[in-house]
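Everything below belongs to work17.cif, which stores mmCIF, C-alpha atoms.
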data_upload
loop_
_atom_site.group_PDB
_atom_site.id
_atom_site.type_symbol
_atom_site.label_atom_id
_atom_site.label_comp_id
_atom_site.auth_asym_id
_atom_site.auth_seq_id
_atom_site.Cartn_x
_atom_site.Cartn_y
_atom_site.Cartn_z
ATOM 1 C CA MET A 181 192.293 -46.660 1.956
ATOM 2 C CA ASN A 182 191.768 -49.646 -0.331
ATOM 3 C CA GLU A 183 188.036 -49.537 0.381
ATOM 4 C CA SER A 184 187.922 -45.865 -0.700
ATOM 5 C CA ILE A 185 189.710 -46.673 -3.955
ATOM 6 C CA ASP A 186 187.271 -49.513 -4.618
ATOM 7 C CA ASP A 187 184.372 -47.132 -4.010
ATOM 8 C CA VAL A 188 185.759 -44.630 -6.518
ATOM 9 C CA ARG A 189 186.256 -47.327 -9.132
ATOM 10 C CA ARG A 190 182.741 -48.667 -8.595
ATOM 11 C CA THR A 191 181.287 -45.180 -8.920
ATOM 12 C CA ALA A 192 183.282 -44.528 -12.108
ATOM 13 C CA ARG A 193 181.998 -47.727 -13.689
ATOM 14 C CA GLY A 194 178.403 -46.824 -12.924
ATOM 15 C CA TRP A 195 178.623 -43.123 -13.750
ATOM 16 C CA ARG A 196 176.903 -41.976 -16.911
ATOM 17 C CA TRP A 197 179.719 -40.124 -18.699
ATOM 18 C CA GLY A 198 177.712 -39.241 -21.789
ATOM 19 C CA ARG A 199 174.137 -38.566 -22.767
ATOM 20 C CA ARG A 200 173.564 -41.546 -24.991
ATOM 21 C CA SER A 201 170.411 -43.547 -24.544
ATOM 22 C CA GLN A 202 170.500 -46.238 -21.871
ATOM 23 C CA VAL A 203 167.611 -48.100 -23.456
ATOM 24 C CA PRO A 204 168.467 -51.770 -24.176
ATOM 25 C CA ARG A 205 168.940 -52.495 -27.881
ATOM 26 C CA SER A 206 166.060 -54.970 -27.817
ATOM 27 C CA ALA A 207 163.693 -52.164 -26.754
ATOM 28 C CA GLU A 208 164.996 -49.364 -28.988
ATOM 29 C CA ALA A 209 162.414 -50.071 -31.688
ATOM 30 C CA PHE A 210 159.607 -49.225 -29.246
ATOM 31 C CA VAL A 211 161.087 -45.959 -27.940
ATOM 32 C CA PRO A 212 160.044 -42.709 -29.703
ATOM 33 C CA ASP A 213 162.891 -40.775 -31.284
ATOM 34 C CA GLN A 214 164.203 -37.919 -29.195
ATOM 35 C CA ARG A 215 163.880 -34.506 -30.795
ATOM 36 C CA GLN A 216 166.108 -31.857 -29.333
ATOM 37 C CA ALA A 217 168.111 -28.905 -30.518
ATOM 38 C CA VAL A 218 171.833 -29.402 -30.980
ATOM 39 C CA ARG A 219 174.391 -26.802 -29.970
ATOM 40 C CA ASP A 220 175.749 -24.444 -32.599
ATOM 41 C CA SER A 221 179.034 -25.371 -34.314
ATOM 42 C CA ASP A 222 179.409 -22.280 -36.513
ATOM 43 C CA TRP A 223 182.361 -21.171 -34.375
ATOM 44 C CA SER A 224 184.438 -24.029 -35.851
ATOM 45 C CA ARG A 225 184.444 -22.266 -39.244
ATOM 46 C CA THR A 226 185.698 -18.900 -37.988
ATOM 47 C CA LYS A 227 189.167 -17.688 -38.942
ATOM 48 C CA ALA A 228 190.503 -18.335 -35.450
ATOM 49 C CA ALA A 229 189.203 -21.924 -35.415
ATOM 50 C CA VAL A 230 190.582 -22.554 -38.916
ATOM 51 C CA ALA A 231 194.023 -21.391 -37.777
ATOM 52 C CA VAL A 232 193.966 -23.586 -34.664
ATOM 53 C CA ARG A 233 192.708 -26.559 -36.671
ATOM 54 C CA GLU A 234 195.524 -26.166 -39.199
ATOM 55 C CA VAL A 235 198.098 -26.524 -36.437
ATOM 56 C CA ALA A 236 196.206 -29.382 -34.763
ATOM 57 C CA GLN A 237 195.875 -31.341 -38.014
ATOM 58 C CA LYS A 238 199.361 -30.810 -39.418
ATOM 59 C CA ALA A 239 201.323 -30.974 -36.152
ATOM 60 C CA GLY A 240 199.167 -33.470 -34.248
ATOM 61 C CA LEU A 241 196.644 -35.498 -36.223
ATOM 62 C CA GLU A 242 198.665 -36.165 -39.371
ATOM 63 C CA PRO A 243 201.878 -37.414 -37.689
ATOM 64 C CA VAL A 244 199.872 -39.749 -35.444
ATOM 65 C CA PHE A 245 197.744 -40.974 -38.348
ATOM 66 C CA ARG A 246 200.775 -41.652 -40.561
ATOM 67 C CA SER A 247 202.497 -43.500 -37.729
ATOM 68 C CA GLN A 248 199.618 -45.969 -37.468
ATOM 69 C CA VAL A 249 198.599 -46.636 -41.101
ATOM 70 C CA ARG A 250 199.978 -46.463 -44.628
ATOM 71 C CA THR A 251 197.938 -44.679 -47.296
ATOM 72 C CA GLN A 252 197.708 -44.678 -51.081
ATOM 73 C CA VAL A 253 195.729 -41.879 -52.761
ATOM 74 C CA GLN A 254 194.471 -41.856 -56.349
ATOM 75 C CA GLY A 255 192.412 -39.420 -58.432
ATOM 76 C CA LEU A 256 193.263 -36.071 -56.846
ATOM 77 C CA ASP A 257 193.771 -34.638 -60.327
ATOM 78 C CA VAL A 258 189.981 -34.296 -60.631
ATOM 79 C CA LEU A 259 190.124 -31.472 -58.092
ATOM 80 C CA GLU A 260 192.429 -29.479 -60.379
ATOM 81 C CA ARG A 261 189.621 -29.208 -62.940
ATOM 82 C CA ILE A 262 186.837 -27.973 -60.653
ATOM 83 C CA GLU A 263 186.196 -25.277 -58.079
ATOM 84 C CA GLY A 264 184.509 -25.681 -54.721
ATOM 85 C CA PRO A 265 182.299 -26.126 -53.023
ATOM 86 C CA VAL A 266 181.658 -29.795 -53.760
ATOM 87 C CA ILE A 267 180.154 -32.719 -51.894
ATOM 88 C CA PHE A 268 182.547 -35.592 -51.209
ATOM 89 C CA ALA A 269 180.285 -38.667 -50.971
ATOM 90 C CA ALA A 270 182.059 -41.715 -49.553
ATOM 91 C CA ASN A 271 181.420 -45.183 -48.206
ATOM 92 C CA HIS A 272 181.605 -45.468 -44.426
ATOM 93 C CA ALA A 273 183.311 -48.332 -42.614
ATOM 94 C CA SER A 274 185.326 -46.858 -39.736
ATOM 95 C CA HIS A 275 186.203 -43.812 -37.659
ATOM 96 C CA LEU A 276 189.371 -43.719 -39.772
ATOM 97 C CA ASP A 277 187.347 -42.666 -42.828
ATOM 98 C CA THR A 278 187.188 -38.979 -41.913
ATOM 99 C CA PRO A 279 190.913 -38.394 -41.206
ATOM 100 C CA LEU A 280 191.814 -40.512 -44.245
ATOM 101 C CA ILE A 281 189.729 -38.339 -46.584
ATOM 102 C CA LEU A 282 190.675 -35.003 -45.016
ATOM 103 C CA LEU A 283 194.411 -35.724 -44.872
ATOM 104 C CA SER A 284 194.350 -36.976 -48.471
ATOM 105 C CA LEU A 285 192.990 -33.669 -49.776
ATOM 106 C CA PRO A 286 195.295 -30.881 -50.965
ATOM 107 C CA ASP A 287 195.738 -28.269 -48.242
ATOM 108 C CA GLU A 288 193.639 -25.634 -49.988
ATOM 109 C CA TRP A 289 190.721 -28.053 -50.229
ATOM 110 C CA ARG A 290 191.131 -29.472 -46.717
ATOM 111 C CA ARG A 291 191.015 -26.018 -45.134
ATOM 112 C CA ARG A 292 187.606 -25.349 -46.751
ATOM 113 C CA THR A 293 185.981 -28.730 -46.096
ATOM 114 C CA ALA A 294 183.500 -29.550 -43.333
ATOM 115 C CA VAL A 295 182.295 -32.981 -42.255
ATOM 116 C CA ALA A 296 178.700 -33.991 -41.561
ATOM 117 C CA ALA A 297 178.638 -35.979 -38.303
ATOM 118 C CA ALA A 298 175.883 -37.782 -36.409
ATOM 119 C CA ALA A 299 174.496 -35.519 -33.693
ATOM 120 C CA ASP A 300 173.604 -38.437 -31.420
ATOM 121 C CA TYR A 301 177.189 -39.725 -31.430
ATOM 122 C CA PHE A 302 179.648 -36.850 -31.890
ATOM 123 C CA PHE A 303 177.539 -34.151 -30.240
ATOM 124 C CA ASP A 304 176.080 -36.027 -27.273
ATOM 125 C CA THR A 305 178.591 -34.406 -24.883
ATOM 126 C CA TRP A 306 180.182 -30.968 -24.970
ATOM 127 C CA TRP A 307 183.756 -32.264 -24.987
ATOM 128 C CA ARG A 308 183.131 -34.635 -27.891
ATOM 129 C CA ALA A 309 181.309 -31.892 -29.802
ATOM 130 C CA VAL A 310 184.094 -29.355 -29.241
ATOM 131 C CA GLY A 311 186.851 -31.853 -30.003
ATOM 132 C CA SER A 312 185.380 -33.152 -33.263
ATOM 133 C CA SER A 313 184.337 -29.678 -34.426
ATOM 134 C CA LEU A 314 187.775 -28.227 -33.784
ATOM 135 C CA LEU A 315 189.830 -31.106 -35.179
ATOM 136 C CA PHE A 316 187.653 -32.229 -38.108
ATOM 137 C CA ASN A 317 185.371 -29.207 -38.668
ATOM 138 C CA THR A 318 182.295 -31.340 -38.062
ATOM 139 C CA PHE A 319 178.759 -30.042 -37.874
ATOM 140 C CA PRO A 320 175.826 -32.096 -36.569
ATOM 141 C CA ILE A 321 173.190 -33.833 -38.639
ATOM 142 C CA ASP A 322 170.333 -35.543 -36.855
ATOM 143 C CA ARG A 323 169.542 -39.082 -37.933
ATOM 144 C CA HIS A 324 166.222 -38.927 -36.051
ATOM 145 C CA GLY A 325 164.713 -35.692 -37.345
ATOM 146 C CA GLY A 326 165.577 -33.319 -34.488
ATOM 147 C CA ALA A 327 166.123 -29.561 -34.800
ATOM 148 C CA MET A 328 169.579 -28.544 -36.030
ATOM 149 C CA ALA A 329 171.438 -25.343 -35.216
ATOM 150 C CA THR A 330 173.177 -25.495 -38.625
ATOM 151 C CA THR A 331 172.063 -27.229 -41.817
ATOM 152 C CA PRO A 332 174.287 -28.669 -44.575
ATOM 153 C CA GLY A 333 172.754 -26.187 -47.009
ATOM 154 C CA GLU A 334 173.893 -23.256 -44.884
ATOM 155 C CA VAL A 335 177.428 -24.646 -44.790
ATOM 156 C CA LEU A 336 177.439 -25.016 -48.586
ATOM 157 C CA ASP A 337 176.127 -21.467 -48.979
ATOM 158 C CA GLN A 338 179.109 -20.249 -46.960
ATOM 159 C CA GLY A 339 181.430 -21.778 -49.573
ATOM 160 C CA TRP A 340 182.494 -24.893 -47.648
ATOM 161 C CA SER A 341 182.787 -28.280 -49.299
ATOM 162 C CA LEU A 342 181.205 -31.179 -47.422
ATOM 163 C CA VAL A 343 182.219 -34.737 -46.613
ATOM 164 C CA ILE A 344 179.056 -36.823 -46.399
ATOM 165 C CA PHE A 345 178.635 -40.529 -45.741
ATOM 166 C CA PRO A 346 175.324 -41.340 -47.469
ATOM 167 C CA GLU A 347 175.009 -44.679 -45.678
ATOM 168 C CA GLY A 348 174.327 -42.712 -42.489
ATOM 169 C CA THR A 349 176.370 -44.951 -40.210
ATOM 170 C CA ARG A 350 179.461 -47.149 -40.216
ATOM 171 C CA SER A 351 179.282 -50.556 -41.825
ATOM 172 C CA THR A 352 179.075 -53.468 -39.415
ATOM 173 C CA ASP A 353 180.978 -55.820 -41.726
ATOM 174 C CA GLY A 354 183.005 -53.597 -44.062
ATOM 175 C CA TRP A 355 180.639 -53.872 -47.039
ATOM 176 C CA MET A 356 178.658 -50.922 -48.383
ATOM 177 C CA SER A 357 174.960 -50.563 -47.569
ATOM 178 C CA ARG A 358 172.138 -48.573 -49.134
ATOM 179 C CA PHE A 359 172.763 -44.872 -49.758
ATOM 180 C CA LYS A 360 170.301 -42.377 -48.358
ATOM 181 C CA MET A 361 169.313 -39.428 -50.537
ATOM 182 C CA GLY A 362 170.880 -36.578 -48.532
ATOM 183 C CA ALA A 363 173.923 -36.053 -50.770
ATOM 184 C CA ALA A 364 171.792 -36.235 -53.917
ATOM 185 C CA PHE A 365 169.268 -33.792 -52.469
ATOM 186 C CA LEU A 366 171.942 -31.247 -51.533
ATOM 187 C CA SER A 367 173.642 -31.523 -54.920
ATOM 188 C CA HIS A 368 170.299 -31.181 -56.692
ATOM 189 C CA THR A 369 169.046 -28.287 -54.558
ATOM 190 C CA TYR A 370 172.216 -26.222 -54.318
ATOM 191 C CA ASP A 371 173.641 -27.035 -57.771
ATOM 192 C CA VAL A 372 176.854 -28.435 -56.293
ATOM 193 C CA PRO A 373 178.733 -31.358 -57.904
ATOM 194 C CA VAL A 374 179.285 -34.632 -56.088
ATOM 195 C CA VAL A 375 182.810 -36.056 -56.053
ATOM 196 C CA PRO A 376 182.510 -39.794 -55.327
ATOM 197 C CA VAL A 377 185.118 -41.167 -52.935
ATOM 198 C CA ALA A 378 185.857 -44.841 -52.310
ATOM 199 C CA HIS A 379 188.258 -46.186 -49.720
ATOM 200 C CA ARG A 380 189.317 -49.635 -48.590
ATOM 201 C CA GLY A 381 191.182 -50.936 -45.587
ATOM 202 C CA THR A 382 189.688 -48.768 -42.848
ATOM 203 C CA PHE A 383 187.426 -51.575 -41.634
ATOM 204 C CA ALA A 384 190.374 -53.968 -41.394
ATOM 205 C CA ALA A 385 192.438 -51.340 -39.582
ATOM 206 C CA MET A 386 189.784 -50.093 -37.171
ATOM 207 C CA PRO A 387 186.389 -51.850 -37.205
ATOM 208 C CA ARG A 388 183.518 -51.022 -34.893
ATOM 209 C CA GLY A 389 184.504 -51.575 -31.281
ATOM 210 C CA ALA A 390 188.197 -50.860 -31.828
ATOM 211 C CA GLY A 391 189.510 -47.782 -30.059
ATOM 212 C CA TRP A 392 192.795 -47.559 -31.956
ATOM 213 C CA PRO A 393 194.101 -48.727 -35.374
ATOM 214 C CA LEU A 394 195.072 -52.383 -35.430
ATOM 215 C CA LYS A 395 198.422 -53.619 -36.709
ATOM 216 C CA ASP A 396 199.023 -56.595 -38.997
ATOM 217 C CA ALA A 397 201.840 -58.698 -37.552
ATOM 218 C CA GLY A 398 203.280 -55.507 -36.081
ATOM 219 C CA ARG A 399 203.095 -53.619 -39.380
ATOM 220 C CA ARG A 400 200.940 -50.647 -40.243
ATOM 221 C CA ARG A 401 197.764 -51.473 -42.154
ATOM 222 C CA GLN A 402 197.391 -50.285 -45.751
ATOM 223 C CA LEU A 403 194.535 -47.896 -46.614
ATOM 224 C CA THR A 404 193.565 -46.792 -50.116
ATOM 225 C CA VAL A 405 191.329 -43.914 -51.209
ATOM 226 C CA ARG A 406 190.179 -42.913 -54.708
ATOM 227 C CA PHE A 407 188.505 -39.721 -55.871
ATOM 228 C CA GLY A 408 186.259 -40.024 -58.922
ATOM 229 C CA GLU A 409 185.037 -37.655 -61.616
ATOM 230 C CA PRO A 410 182.440 -35.161 -60.336
ATOM 231 C CA ILE A 411 178.832 -35.856 -61.238
ATOM 232 C CA ARG A 412 175.756 -33.634 -61.382
ATOM 233 C CA PRO A 413 172.045 -34.304 -61.784
ATOM 234 C CA ARG A 414 170.932 -34.650 -65.394
ATOM 235 C CA GLU A 415 168.321 -32.448 -66.977
ATOM 236 C CA GLY A 416 164.986 -33.333 -65.427
ATOM 237 C CA GLU A 417 166.488 -36.048 -63.208
ATOM 238 C CA SER A 418 164.822 -36.448 -59.823
ATOM 239 C CA VAL A 419 166.674 -36.851 -56.535
ATOM 240 C CA ARG A 420 165.377 -40.416 -56.300
ATOM 241 C CA ASP A 421 166.953 -41.296 -59.657
ATOM 242 C CA TYR A 422 170.117 -39.302 -58.979
ATOM 243 C CA ALA A 423 171.019 -40.986 -55.657
ATOM 244 C CA PRO A 424 171.646 -44.458 -57.155
ATOM 245 C CA ARG A 425 174.063 -42.914 -59.673
ATOM 246 C CA ILE A 426 176.160 -41.595 -56.776
ATOM 247 C CA ARG A 427 176.251 -45.040 -55.200
ATOM 248 C CA ASP A 428 177.137 -46.613 -58.547
ATOM 249 C CA ALA A 429 180.042 -44.173 -58.931
ATOM 250 C CA VAL A 430 181.438 -45.159 -55.528
ATOM 251 C CA ALA A 431 180.938 -48.836 -56.377
ATOM 252 C CA ALA A 432 182.891 -48.403 -59.627
ATOM 253 C CA LEU A 433 185.784 -46.841 -57.712
ATOM 254 C CA LEU A 434 185.800 -49.757 -55.265
ATOM 255 C CA ASP A 435 185.865 -52.132 -58.214
ATOM 256 C CA GLU A 436 188.769 -50.201 -59.724
ATOM 257 C CA ASP A 437 190.696 -50.448 -56.474
ATOM 258 C CA THR A 438 190.406 -54.241 -56.435
ATOM 259 C CA SER A 439 191.264 -54.688 -60.128
ATOM 260 C CA ASP A 440 192.357 -51.923 -62.530
ATOM 261 C CA TRP A 441 190.891 -48.859 -64.225
ATOM 262 C CA TYR A 442 190.302 -50.426 -67.640
ATOM 263 C CA ALA A 443 188.631 -53.591 -66.358
ATOM 264 C CA ALA A 444 186.461 -51.579 -63.953
ATOM 265 C CA GLN A 445 185.367 -49.216 -66.726
ATOM 266 C CA ARG A 446 184.448 -52.111 -69.007
ATOM 267 C CA ARG A 447 182.336 -53.688 -66.282
ATOM 268 C CA ARG A 448 180.708 -50.333 -65.525
ATOM 269 C CA ALA A 449 179.839 -49.771 -69.198
ATOM 270 C CA ALA A 450 178.326 -53.252 -69.345
ATOM 271 C CA GLY A 451 176.376 -52.736 -66.130
ATOM 272 C CA ALA A 452 178.386 -55.510 -64.493
ATOM 273 C CA THR A 453 180.075 -53.633 -61.629
ATOM 274 C CA PRO A 454 180.258 -55.990 -58.619
ATOM 275 C CA ASP A 455 177.644 -55.259 -55.971
ATOM 276 C CA PRO A 456 179.454 -53.320 -53.198
ATOM 277 C CA SER A 457 176.999 -54.664 -50.621
ATOM 278 C CA GLY A 458 178.834 -57.980 -50.798
ATOM 279 C CA PRO A 459 177.799 -61.620 -51.057
ATOM 280 C CA ASP A 460 174.740 -63.182 -49.475
ATOM 281 C CA VAL A 461 176.657 -65.514 -47.192
ATOM 282 C CA ALA A 462 177.125 -66.005 -43.475
ATOM 283 C CA ALA A 463 178.008 -62.887 -41.489
ATOM 284 C CA TRP A 464 181.380 -64.258 -40.406
ATOM 285 C CA ARG A 465 182.408 -64.836 -44.020
ATOM 286 C CA ARG A 466 181.447 -61.276 -44.965
ATOM 287 C CA VAL A 467 183.561 -59.889 -42.127
ATOM 288 C CA TRP A 468 186.438 -62.272 -42.899
ATOM 289 C CA ALA A 469 186.569 -61.029 -46.498
ATOM 290 C CA GLN A 470 187.115 -57.461 -45.298
ATOM 291 C CA THR A 471 189.688 -58.088 -42.602
ATOM 292 C CA GLU A 472 192.692 -58.108 -44.952
ATOM 293 C CA SER A 473 194.301 -54.827 -45.958
ATOM 294 C CA PRO A 474 194.100 -53.735 -49.626
ATOM 295 C CA HIS A 475 196.777 -55.088 -51.955
ATOM 296 C CA ALA A 476 197.700 -57.804 -49.487
ATOM 297 C CA GLU A 477 197.801 -61.045 -51.456
ATOM 298 C CA ASN A 478 195.198 -62.840 -49.362
ATOM 299 C CA GLY A 479 192.995 -59.764 -49.112
ATOM 300 C CA THR A 480 192.853 -59.349 -52.888
ATOM 301 C CA ARG A 481 191.955 -62.993 -53.289
ATOM 302 C CA ARG A 482 189.251 -62.809 -50.645
ATOM 303 C CA ILE A 483 187.455 -59.927 -52.368
ATOM 304 C CA ALA A 484 187.949 -61.368 -55.846
ATOM 305 C CA ALA A 485 186.628 -64.751 -54.748
ATOM 306 C CA TRP A 486 183.116 -63.389 -54.344
ATOM 307 C CA ARG A 487 182.978 -62.491 -58.031
ATOM 308 C CA ARG A 488 183.427 -66.038 -59.276
#
Translate the structure of the given file into structure tokens.
Amino acid sequence: MNESIDDVRRTARGWRWGRRSQVPRSAEAFVPDQRQAVRDSDWSRTKAAVAVREVAQKAGLEPVFRSQVRTQVQGLDVLERIEGPVIFAANHASHLDTPLILLSLPDEWRRRTAVAAAADYFFDTWWRAVGSSLLFNTFPIDRHGGAMATTPGEVLDQGWSLVIFPEGTRSTDGWMSRFKMGAAFLSHTYDVPVVPVAHRGTFAAMPRGAGWPLKDAGRRRQLTVRFGEPIRPREGESVRDYAPRIRDAVAALLDEDTSDWYAAQRRRAAGATPDPSGPDVAAWRRVWAQTESPHAENGTRRIAAWRR
């Protein structure tokens, strides 16, 4: 009997549960990108799916989320002055980013917001694709140029707002990396405003490799999220010139969250907003600076220390 159990466990450990590449990381650079069609997720935006998602988010996701972290939301008044659809462009540090943004939105906005998700991660298996599409209204985007069943432009045309993480992937150390031009291109092409979103604390609460939010001495971690004024491309402005303005807007919100609105605006006007990509120091120091929750005394000092 014990031998049978050991056999089952050994088989489970060796079984390939997903469809992710088994190529060693050291060889990934020499392997051609896979190009394959991704299953359709349009069903997740039907009336029936919206109704099921409302129950799942309000009765399931939100109570669990609130039980694990504390949140502070600023800037939602900007949504009272505009109409959707819009593109919410945010920094990306953790799997907590998506529920934090969605659950911070007013209900009428949340119900009409979809999330762009990496096809090679969230849509590599049917159960992950169905689960993320139903709970978060995700649709796949391919980071390797494969064929998509649904494009972000089609979702915008249907009147849905989008949550996009222009960095393309989660930060490995909590600091912000270069923004790709997808959000700027969509805003430019479809004449949709970009609402910059900046959040802090998600990396400290649930960094890469963590399967569940971490506690701080048994207490829930603090997360903050700020919504900024919507921005649009200027007359004659190219996508290449527009994309850095989106990143700068997110950087200014991060600066505001670590100081105050007036000081952040003065630095922005003077072109002195702190670089959100962080200091050029050892990797462990970069990670250490982001492992304290926002507004914790030590955490504030750690971030502020890099500016001196």
Item to complete: Skip range 361-371 of chain A itself and residues of its chain fewer than 6 positions away, then list as a ChimeraX atom specification all residues within 8 Å of it, counting only C-alpha atoms.
Response: /A:267,269,332-333,336,344,346,412-413,419-420,422-423,426
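The space separating CA of Thr471 in chain A from CA of Arg380 in chain A comes to 10.4 Å.
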Item to complete: Please evaluate the PyMOL selection byres ((chain A and resi 293) around 6) against the structure above and give the resulting residues as a VMD selection string.
Response: chain A and resid 290 to 292 294 340 to 342
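For the pair CA of Gly458 in chain A and CA of Phe345 in chain A, the separation is 18.2 Å.
Closest to Pro474 in chain A among A:Thr251, A:Ser312, A:Ser418, A:Thr404 is A:Thr404, based on all atoms listed in the file.
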